[in-house]
Amino acid sequence: MSDNRSLRLARTAERIVACERCPRLVAWRQEAAASPPARFAGQAYWARPVPGHGDPKARIYVLALATAAHGGNRTGRALTGNATADRLTAALHRAGLANRPTSVDRGDGLRLTGAWTASAVRCPPPADRPTAEERDACLPYLTAELDALADVAVIVTLGAFAWDAAALQGGLRPRPPFRHGAEALRPDGRTQLACYHPGRRNTSTGLLTDAMLDATFRRALELCGRA
Ligand code: SF4
């Protein structure tokens with residue numbers, strides 16, 4: 001069963017990595033790779049779509065907005081290589097869902113246990129703003145990963161965009177409004193749980209604190225019956 005699950009996830013990952021459905025984002029992922037900030041100059045960028053990453057037996061699926069131009073688009077792993085990734089991974093580590101508190105690159109030894117991380121839009125969008133069409137084009141990959149990850153009970157959505165994407169994918173009608181801490185039971189029996197996005201804009205202003213992130217994952221574990 002677990003091997004079959006891993007195989008399905010691997011096949012989904014292959015499809016994602018080869019995807020060129022959104023011309024604007026195909027161009028942007030390459031443009032970002034061609035003009036890195038000075039601190040990443042000379043690095044070989046992944047510059048392809050980024051599949052989800054984590055434990056095939058995950059109970060918690062963490063859904064972010066989109067791949068970061070100089071994070072996942074550089075490193076080739078979801079939620080890896082920028083400040084958002086480190087903030088999130090530190091919280092996963094404190095919750096017992098990650099074996100280390102930072103997510104630096106694909107060779108850093110990060111292992112998630114009971115969790116899976118991905119973005120609703122798997123390529124980086126200009127100004128971190130994907131269009132509704134790009135979101136919709138990418139949703140089948142969320143469906144494919146969730147279908148393979150049969151144990152997922154809770155989807156932690158980071159920010160309103162991810163919340164809406166999960167609600168659309170899960171068939172929640174009418175779409176519930178985003179509010180930090182909101183919960184919605186989906187027709188598939190999974191709960192989606194809302195958290196502010198742990199990007200620098202929200203963490204530096206104090207809109208989202210580490211204590212709030214910890215409370216989110218405590219609640220997610222409770223909902224999984226693991227608290
Ligand atoms: S955003 Fe998603 S659908 Fe669009 S090109 Fe990237 S992987 Fe494909």
# chains A, B, ... in the order shown; residues from 1 in each chain; ligands from 1
$ closest_atom_pairs --of "chain A" --to "ligand 1" --cutoff "9 Å" --atoms "only C-alpha atoms and all ligand atoms" --output "JSON lines"
{"residue": "A:Arg15", "atom": "CA", "partner": "ligand 1", "partner_atom_place_in_ligand_line": "7 (S)", "distance": 8.5}
{"residue": "A:Ile16", "atom": "CA", "partner": "ligand 1", "partner_atom_place_in_ligand_line": "7 (S)", "distance": 5.3}
{"residue": "A:Val17", "atom": "CA", "partner": "ligand 1", "partner_atom_place_in_ligand_line": "7 (S)", "distance": 6.8}
{"residue": "A:Ala18", "atom": "CA", "partner": "ligand 1", "partner_atom_place_in_ligand_line": "7 (S)", "distance": 7.7}
{"residue": "A:Cys19", "atom": "CA", "partner": "ligand 1", "partner_atom_place_in_ligand_line": "8 (Fe)", "distance": 4.3}
{"residue": "A:Glu20", "atom": "CA", "partner": "ligand 1", "partner_atom_place_in_ligand_line": "5 (S)", "distance": 4.2}
{"residue": "A:Arg21", "atom": "CA", "partner": "ligand 1", "partner_atom_place_in_ligand_line": "5 (S)", "distance": 4.2}
{"residue": "A:Cys22", "atom": "CA", "partner": "ligand 1", "partner_atom_place_in_ligand_line": "5 (S)", "distance": 4.2}
{"residue": "A:Pro23", "atom": "CA", "partner": "ligand 1", "partner_atom_place_in_ligand_line": "5 (S)", "distance": 6.8}
{"residue": "A:Arg24", "atom": "CA", "partner": "ligand 1", "partner_atom_place_in_ligand_line": "5 (S)", "distance": 8.3}
{"residue": "A:Leu25", "atom": "CA", "partner": "ligand 1", "partner_atom_place_in_ligand_line": "5 (S)", "distance": 6.0}
{"residue": "A:Val26", "atom": "CA", "partner": "ligand 1", "partner_atom_place_in_ligand_line": "5 (S)", "distance": 5.9}
{"residue": "A:Arg29", "atom": "CA", "partner": "ligand 1", "partner_atom_place_in_ligand_line": "6 (Fe)", "distance": 8.9}
{"residue": "A:Arg48", "atom": "CA", "partner": "ligand 1", "partner_atom_place_in_ligand_line": "6 (Fe)", "distance": 7.7}
{"residue": "A:Pro49", "atom": "CA", "partner": "ligand 1", "partner_atom_place_in_ligand_line": "7 (S)", "distance": 4.8}
{"residue": "A:Val50", "atom": "CA", "partner": "ligand 1", "partner_atom_place_in_ligand_line": "7 (S)", "distance": 7.2}
{"residue": "A:Pro51", "atom": "CA", "partner": "ligand 1", "partner_atom_place_in_ligand_line": "7 (S)", "distance": 8.2}
{"residue": "A:Ala66", "atom": "CA", "partner": "ligand 1", "partner_atom_place_in_ligand_line": "1 (S)", "distance": 8.1}
{"residue": "A:Thr67", "atom": "CA", "partner": "ligand 1", "partner_atom_place_in_ligand_line": "1 (S)", "distance": 8.6}
{"residue": "A:Ala120", "atom": "CA", "partner": "ligand 1", "partner_atom_place_in_ligand_line": "2 (Fe)", "distance": 8.0}
{"residue": "A:Val121", "atom": "CA", "partner": "ligand 1", "partner_atom_place_in_ligand_line": "1 (S)", "distance": 4.7}
{"residue": "A:Arg122", "atom": "CA", "partner": "ligand 1", "partner_atom_place_in_ligand_line": "1 (S)", "distance": 4.7}
{"residue": "A:Cys123", "atom": "CA", "partner": "ligand 1", "partner_atom_place_in_ligand_line": "6 (Fe)", "distance": 4.3}
{"residue": "A:Pro124", "atom": "CA", "partner": "ligand 1", "partner_atom_place_in_ligand_line": "1 (S)", "distance": 7.4}
{"residue": "A:Pro125", "atom": "CA", "partner": "ligand 1", "partner_atom_place_in_ligand_line": "1 (S)", "distance": 8.1}
{"residue": "A:Pro130", "atom": "CA", "partner": "ligand 1", "partner_atom_place_in_ligand_line": "1 (S)", "distance": 8.3}
{"residue": "A:Glu133", "atom": "CA", "partner": "ligand 1", "partner_atom_place_in_ligand_line": "4 (Fe)", "distance": 8.9}
{"residue": "A:Glu134", "atom": "CA", "partner": "ligand 1", "partner_atom_place_in_ligand_line": "4 (Fe)", "distance": 5.5}
{"residue": "A:Arg135", "atom": "CA", "partner": "ligand 1", "partner_atom_place_in_ligand_line": "1 (S)", "distance": 7.0}
{"residue": "A:Asp136", "atom": "CA", "partner": "ligand 1", "partner_atom_place_in_ligand_line": "3 (S)", "distance": 7.7}
{"residue": "A:Ala137", "atom": "CA", "partner": "ligand 1", "partner_atom_place_in_ligand_line": "3 (S)", "distance": 4.5}
{"residue": "A:Cys138", "atom": "CA", "partner": "ligand 1", "partner_atom_place_in_ligand_line": "3 (S)", "distance": 3.8}
{"residue": "A:Leu139", "atom": "CA", "partner": "ligand 1", "partner_atom_place_in_ligand_line": "3 (S)", "distance": 7.5}
{"residue": "A:Pro140", "atom": "CA", "partner": "ligand 1", "partner_atom_place_in_ligand_line": "3 (S)", "distance": 8.2}
{"residue": "A:Tyr141", "atom": "CA", "partner": "ligand 1", "partner_atom_place_in_ligand_line": "2 (Fe)", "distance": 7.6}
$ select_by_dssp --residues "chain A" --states "strand (DSSP E or B)" --output "VMD selection string"
chain A and resid 53 to 54 60 to 66 98 112 115 to 121 154 to 158 183 to 185 191 to 195
$ write_last_selection --atoms "N, CA, C and O atoms" --output "short mmCIF file (atom, residue, chain, number, x, y, z; two decimals), in the first residue's frame"
data_model
loop_
_atom_site.label_atom_id
_atom_site.label_comp_id
_atom_site.auth_asym_id
_atom_site.auth_seq_id
_atom_site.Cartn_x
_atom_site.Cartn_y
_atom_site.Cartn_z
N HIS A 53 6.22 17.85 -1.07
CA HIS A 53 7.34 17.16 -0.43
C HIS A 53 6.92 16.73 0.97
O HIS A 53 6.22 17.47 1.66
N GLY A 54 7.31 15.53 1.37
CA GLY A 54 7.02 15.12 2.74
C GLY A 54 6.82 13.63 2.88
O GLY A 54 7.43 12.83 2.17
N ILE A 60 -1.27 15.54 7.85
CA ILE A 60 -1.44 17.00 7.70
C ILE A 60 -0.80 17.44 6.38
O ILE A 60 0.38 17.16 6.13
N TYR A 61 -1.59 18.10 5.55
CA TYR A 61 -1.11 18.64 4.28
C TYR A 61 -1.04 20.16 4.46
O TYR A 61 -2.04 20.79 4.79
N VAL A 62 0.13 20.72 4.27
CA VAL A 62 0.31 22.17 4.45
C VAL A 62 0.37 22.81 3.06
O VAL A 62 1.25 22.49 2.26
N LEU A 63 -0.59 23.69 2.79
CA LEU A 63 -0.70 24.28 1.45
C LEU A 63 -0.37 25.77 1.50
O LEU A 63 -1.05 26.55 2.17
N ALA A 64 0.67 26.17 0.78
CA ALA A 64 1.06 27.58 0.70
C ALA A 64 0.52 28.17 -0.60
O ALA A 64 -0.20 27.52 -1.36
N LEU A 65 0.89 29.42 -0.85
CA LEU A 65 0.34 30.15 -1.99
C LEU A 65 0.95 29.66 -3.31
O LEU A 65 0.28 29.03 -4.12
N ALA A 66 2.22 29.94 -3.50
CA ALA A 66 2.88 29.61 -4.77
C ALA A 66 4.36 29.40 -4.51
O ALA A 66 4.91 29.87 -3.50
N ALA A 98 8.84 17.66 11.89
CA ALA A 98 10.06 17.77 11.07
C ALA A 98 11.26 17.46 11.94
O ALA A 98 11.26 17.74 13.14
N LEU A 112 10.17 15.12 6.89
CA LEU A 112 8.88 15.41 7.53
C LEU A 112 8.24 14.08 7.92
O LEU A 112 8.28 13.12 7.15
N ALA A 115 3.59 14.87 7.84
CA ALA A 115 3.22 16.13 7.17
C ALA A 115 3.71 16.14 5.72
O ALA A 115 4.67 15.44 5.37
N TRP A 116 3.03 16.94 4.93
CA TRP A 116 3.37 17.13 3.50
C TRP A 116 3.25 18.61 3.21
O TRP A 116 2.33 19.27 3.73
N THR A 117 4.17 19.17 2.47
CA THR A 117 4.09 20.60 2.14
C THR A 117 4.05 20.78 0.62
O THR A 117 4.72 20.04 -0.12
N ALA A 118 3.28 21.76 0.20
CA ALA A 118 3.15 22.05 -1.24
C ALA A 118 2.59 23.45 -1.40
O ALA A 118 2.13 24.06 -0.43
N SER A 119 2.61 23.93 -2.63
CA SER A 119 1.99 25.22 -2.95
C SER A 119 0.83 25.00 -3.90
O SER A 119 0.85 24.09 -4.72
N ALA A 120 -0.17 25.87 -3.77
CA ALA A 120 -1.34 25.76 -4.64
C ALA A 120 -0.95 25.99 -6.10
O ALA A 120 -1.48 25.35 -7.00
N VAL A 121 0.00 26.90 -6.33
CA VAL A 121 0.53 27.16 -7.67
C VAL A 121 2.00 26.76 -7.64
O VAL A 121 2.77 27.29 -6.86
N VAL A 154 -6.24 16.68 7.66
CA VAL A 154 -6.30 18.13 7.84
C VAL A 154 -5.45 18.82 6.77
O VAL A 154 -4.31 18.39 6.50
N ILE A 155 -6.00 19.85 6.18
CA ILE A 155 -5.24 20.68 5.23
C ILE A 155 -5.05 22.04 5.90
O ILE A 155 -6.02 22.77 6.11
N VAL A 156 -3.81 22.35 6.26
CA VAL A 156 -3.50 23.66 6.84
C VAL A 156 -3.22 24.59 5.67
O VAL A 156 -2.28 24.38 4.90
N THR A 157 -4.05 25.61 5.51
CA THR A 157 -3.89 26.53 4.38
C THR A 157 -3.23 27.82 4.88
O THR A 157 -3.68 28.42 5.85
N LEU A 158 -2.16 28.20 4.21
CA LEU A 158 -1.39 29.38 4.62
C LEU A 158 -1.83 30.58 3.77
O LEU A 158 -1.39 30.73 2.62
N GLU A 183 -12.06 26.96 10.44
CA GLU A 183 -12.06 25.55 10.09
C GLU A 183 -13.27 25.27 9.21
O GLU A 183 -14.33 25.86 9.43
N ALA A 184 -13.11 24.41 8.25
CA ALA A 184 -14.25 24.02 7.40
C ALA A 184 -14.15 22.53 7.10
O ALA A 184 -13.07 22.04 6.71
N LEU A 185 -15.24 21.84 7.30
CA LEU A 185 -15.28 20.41 6.99
C LEU A 185 -15.65 20.24 5.52
O LEU A 185 -16.69 20.73 5.07
N THR A 191 -10.68 18.26 7.10
CA THR A 191 -10.91 19.61 7.61
C THR A 191 -9.84 20.52 7.03
O THR A 191 -8.66 20.17 7.03
N GLN A 192 -10.25 21.68 6.53
CA GLN A 192 -9.22 22.66 6.18
C GLN A 192 -9.20 23.73 7.26
O GLN A 192 -10.22 24.16 7.78
N LEU A 193 -7.98 24.08 7.62
CA LEU A 193 -7.72 24.94 8.76
C LEU A 193 -6.92 26.14 8.26
O LEU A 193 -5.92 25.97 7.56
N ALA A 194 -7.37 27.35 8.62
CA ALA A 194 -6.76 28.56 8.06
C ALA A 194 -5.70 29.15 8.99
O ALA A 194 -5.89 29.23 10.21
N CYS A 195 -4.61 29.56 8.38
CA CYS A 195 -3.53 30.24 9.12
C CYS A 195 -3.02 31.37 8.23
O CYS A 195 -2.99 31.22 7.00
#
$ residues_around --residues "Asp108 of chain A" --least-positions-apart "2" --cutoff "12 Å" --atoms "only C-alpha atoms" --output "PyMOL selection string"
chain A and resi 75+77+80-81+99-106+110-111
$ closest_residue --among "A:Leu7, A:Ala165, A:Leu92, A:Ala58" --to "Ala215 of chain A" --atoms "only C-alpha atoms"
A:Leu92
$ closest_residue --among "A:Ala132, A:Ala33, A:Leu172, A:Ala38" --to "Gly71 of chain A" --atoms "only C-alpha atoms"
A:Ala33
$ residues_around --residues "segment 201-204 of chain A" --least-positions-apart "5" --cutoff "10 Å" --atoms "only C-alpha atoms" --output "PyMOL selection string"
chain A and resi 84+87+159+196+209-210
$ closest_residue --among "A:Asn82, A:Thr12, A:Thr143, A:Asn73" --to "Ala32 of chain A" --atoms "only C-alpha atoms"
A:Asn73
$ atom_distance --atom1 "atom CA of Gly72 of chain A" --atom2 "atom CA of Pro56 of chain A"
19.8 Å
$ residues_around --residues "Ala41 of chain A" --least-positions-apart "4" --cutoff "12 Å" --atoms "only C-alpha atoms" --output "ChimeraX atom specification"
/A:32-37,45,70,74
$ write_last_selection --atoms "all heavy atoms" --output "PDB file, in the first residue's frame"
ATOM      1  N   ALA A  32      13.450  34.427 -13.444  1.00  0.00           N
ATOM      2  CA  ALA A  32      13.999  34.497 -12.079  1.00  0.00           C
ATOM      3  C   ALA A  32      15.335  33.780 -12.010  1.00  0.00           C
ATOM      4  O   ALA A  32      16.287  34.239 -11.359  1.00  0.00           O
ATOM      5  CB  ALA A  32      13.005  33.884 -11.089  1.00  0.00           C
ATOM      6  N   ALA A  33      15.425  32.638 -12.688  1.00  0.00           N
ATOM      7  CA  ALA A  33      16.682  31.871 -12.676  1.00  0.00           C
ATOM      8  C   ALA A  33      17.799  32.626 -13.390  1.00  0.00           C
ATOM      9  O   ALA A  33      18.974  32.522 -13.012  1.00  0.00           O
ATOM     10  CB  ALA A  33      16.457  30.525 -13.349  1.00  0.00           C
ATOM     11  N   ALA A  34      17.414  33.396 -14.406  1.00  0.00           N
ATOM     12  CA  ALA A  34      18.425  34.105 -15.198  1.00  0.00           C
ATOM     13  C   ALA A  34      18.901  35.392 -14.523  1.00  0.00           C
ATOM     14  O   ALA A  34      19.946  35.930 -14.885  1.00  0.00           O
ATOM     15  CB  ALA A  34      17.852  34.421 -16.580  1.00  0.00           C
ATOM     16  N   SER A  35      18.127  35.899 -13.562  1.00  0.00           N
ATOM     17  CA  SER A  35      18.540  37.147 -12.903  1.00  0.00           C
ATOM     18  C   SER A  35      18.384  37.018 -11.377  1.00  0.00           C
ATOM     19  O   SER A  35      17.513  37.667 -10.784  1.00  0.00           O
ATOM     20  CB  SER A  35      17.718  38.322 -13.433  1.00  0.00           C
ATOM     21  OG  SER A  35      16.335  38.006 -13.358  1.00  0.00           O
ATOM     22  N   PRO A  36      19.223  36.176 -10.763  1.00  0.00           N
ATOM     23  CA  PRO A  36      19.108  35.965  -9.310  1.00  0.00           C
ATOM     24  C   PRO A  36      19.627  37.167  -8.533  1.00  0.00           C
ATOM     25  O   PRO A  36      20.449  37.938  -9.056  1.00  0.00           O
ATOM     26  CB  PRO A  36      20.021  34.754  -9.067  1.00  0.00           C
ATOM     27  CG  PRO A  36      21.018  34.806 -10.177  1.00  0.00           C
ATOM     28  CD  PRO A  36      20.322  35.418 -11.356  1.00  0.00           C
ATOM     29  N   PRO A  37      19.168  37.349  -7.295  1.00  0.00           N
ATOM     30  CA  PRO A  37      19.772  38.374  -6.448  1.00  0.00           C
ATOM     31  C   PRO A  37      21.233  38.003  -6.185  1.00  0.00           C
ATOM     32  O   PRO A  37      21.626  36.838  -6.336  1.00  0.00           O
ATOM     33  CB  PRO A  37      18.934  38.318  -5.167  1.00  0.00           C
ATOM     34  CG  PRO A  37      18.253  36.991  -5.188  1.00  0.00           C
ATOM     35  CD  PRO A  37      18.136  36.573  -6.614  1.00  0.00           C
ATOM     36  N   TYR A  45      19.666  27.190 -10.815  1.00  0.00           N
ATOM     37  CA  TYR A  45      18.268  27.161 -10.382  1.00  0.00           C
ATOM     38  C   TYR A  45      17.561  25.918 -10.936  1.00  0.00           C
ATOM     39  O   TYR A  45      17.862  25.446 -12.030  1.00  0.00           O
ATOM     40  CB  TYR A  45      17.535  28.415 -10.874  1.00  0.00           C
ATOM     41  CG  TYR A  45      17.633  29.603  -9.943  1.00  0.00           C
ATOM     42  CD1 TYR A  45      18.861  30.049  -9.471  1.00  0.00           C
ATOM     43  CD2 TYR A  45      16.493  30.292  -9.547  1.00  0.00           C
ATOM     44  CE1 TYR A  45      18.948  31.147  -8.618  1.00  0.00           C
ATOM     45  CE2 TYR A  45      16.566  31.391  -8.699  1.00  0.00           C
ATOM     46  CZ  TYR A  45      17.800  31.814  -8.238  1.00  0.00           C
ATOM     47  OH  TYR A  45      17.876  32.899  -7.400  1.00  0.00           O
ATOM     48  N   HIS A  70      12.865  32.658  -5.673  1.00  0.00           N
ATOM     49  CA  HIS A  70      14.245  32.358  -5.276  1.00  0.00           C
ATOM     50  C   HIS A  70      14.288  31.373  -4.101  1.00  0.00           C
ATOM     51  O   HIS A  70      15.325  31.201  -3.468  1.00  0.00           O
ATOM     52  CB  HIS A  70      14.974  33.666  -4.941  1.00  0.00           C
ATOM     53  CG  HIS A  70      14.938  34.624  -6.096  1.00  0.00           C
ATOM     54  ND1 HIS A  70      15.641  34.404  -7.271  1.00  0.00           N
ATOM     55  CD2 HIS A  70      14.216  35.764  -6.295  1.00  0.00           C
ATOM     56  CE1 HIS A  70      15.383  35.382  -8.129  1.00  0.00           C
ATOM     57  NE2 HIS A  70      14.516  36.214  -7.559  1.00  0.00           N
ATOM     58  N   ARG A  74      14.432  27.936  -6.933  1.00  0.00           N
ATOM     59  CA  ARG A  74      15.903  27.823  -6.930  1.00  0.00           C
ATOM     60  C   ARG A  74      16.322  26.424  -6.473  1.00  0.00           C
ATOM     61  O   ARG A  74      17.165  25.781  -7.088  1.00  0.00           O
ATOM     62  CB  ARG A  74      16.495  28.890  -6.000  1.00  0.00           C
ATOM     63  CG  ARG A  74      18.005  28.850  -5.850  1.00  0.00           C
ATOM     64  CD  ARG A  74      18.487  30.040  -5.032  1.00  0.00           C
ATOM     65  NE  ARG A  74      17.902  30.068  -3.701  1.00  0.00           N
ATOM     66  CZ  ARG A  74      18.390  29.436  -2.629  1.00  0.00           C
ATOM     67  NH1 ARG A  74      19.507  28.730  -2.761  1.00  0.00           N
ATOM     68  NH2 ARG A  74      17.802  29.520  -1.457  1.00  0.00           N
TER      69      ARG A  74
END
$ closest_residue --among "A:Asp3, A:Glu145, A:Asp86, A:Glu222" --to "Pro198 of chain A" --atoms "only C-alpha atoms"
A:Asp86
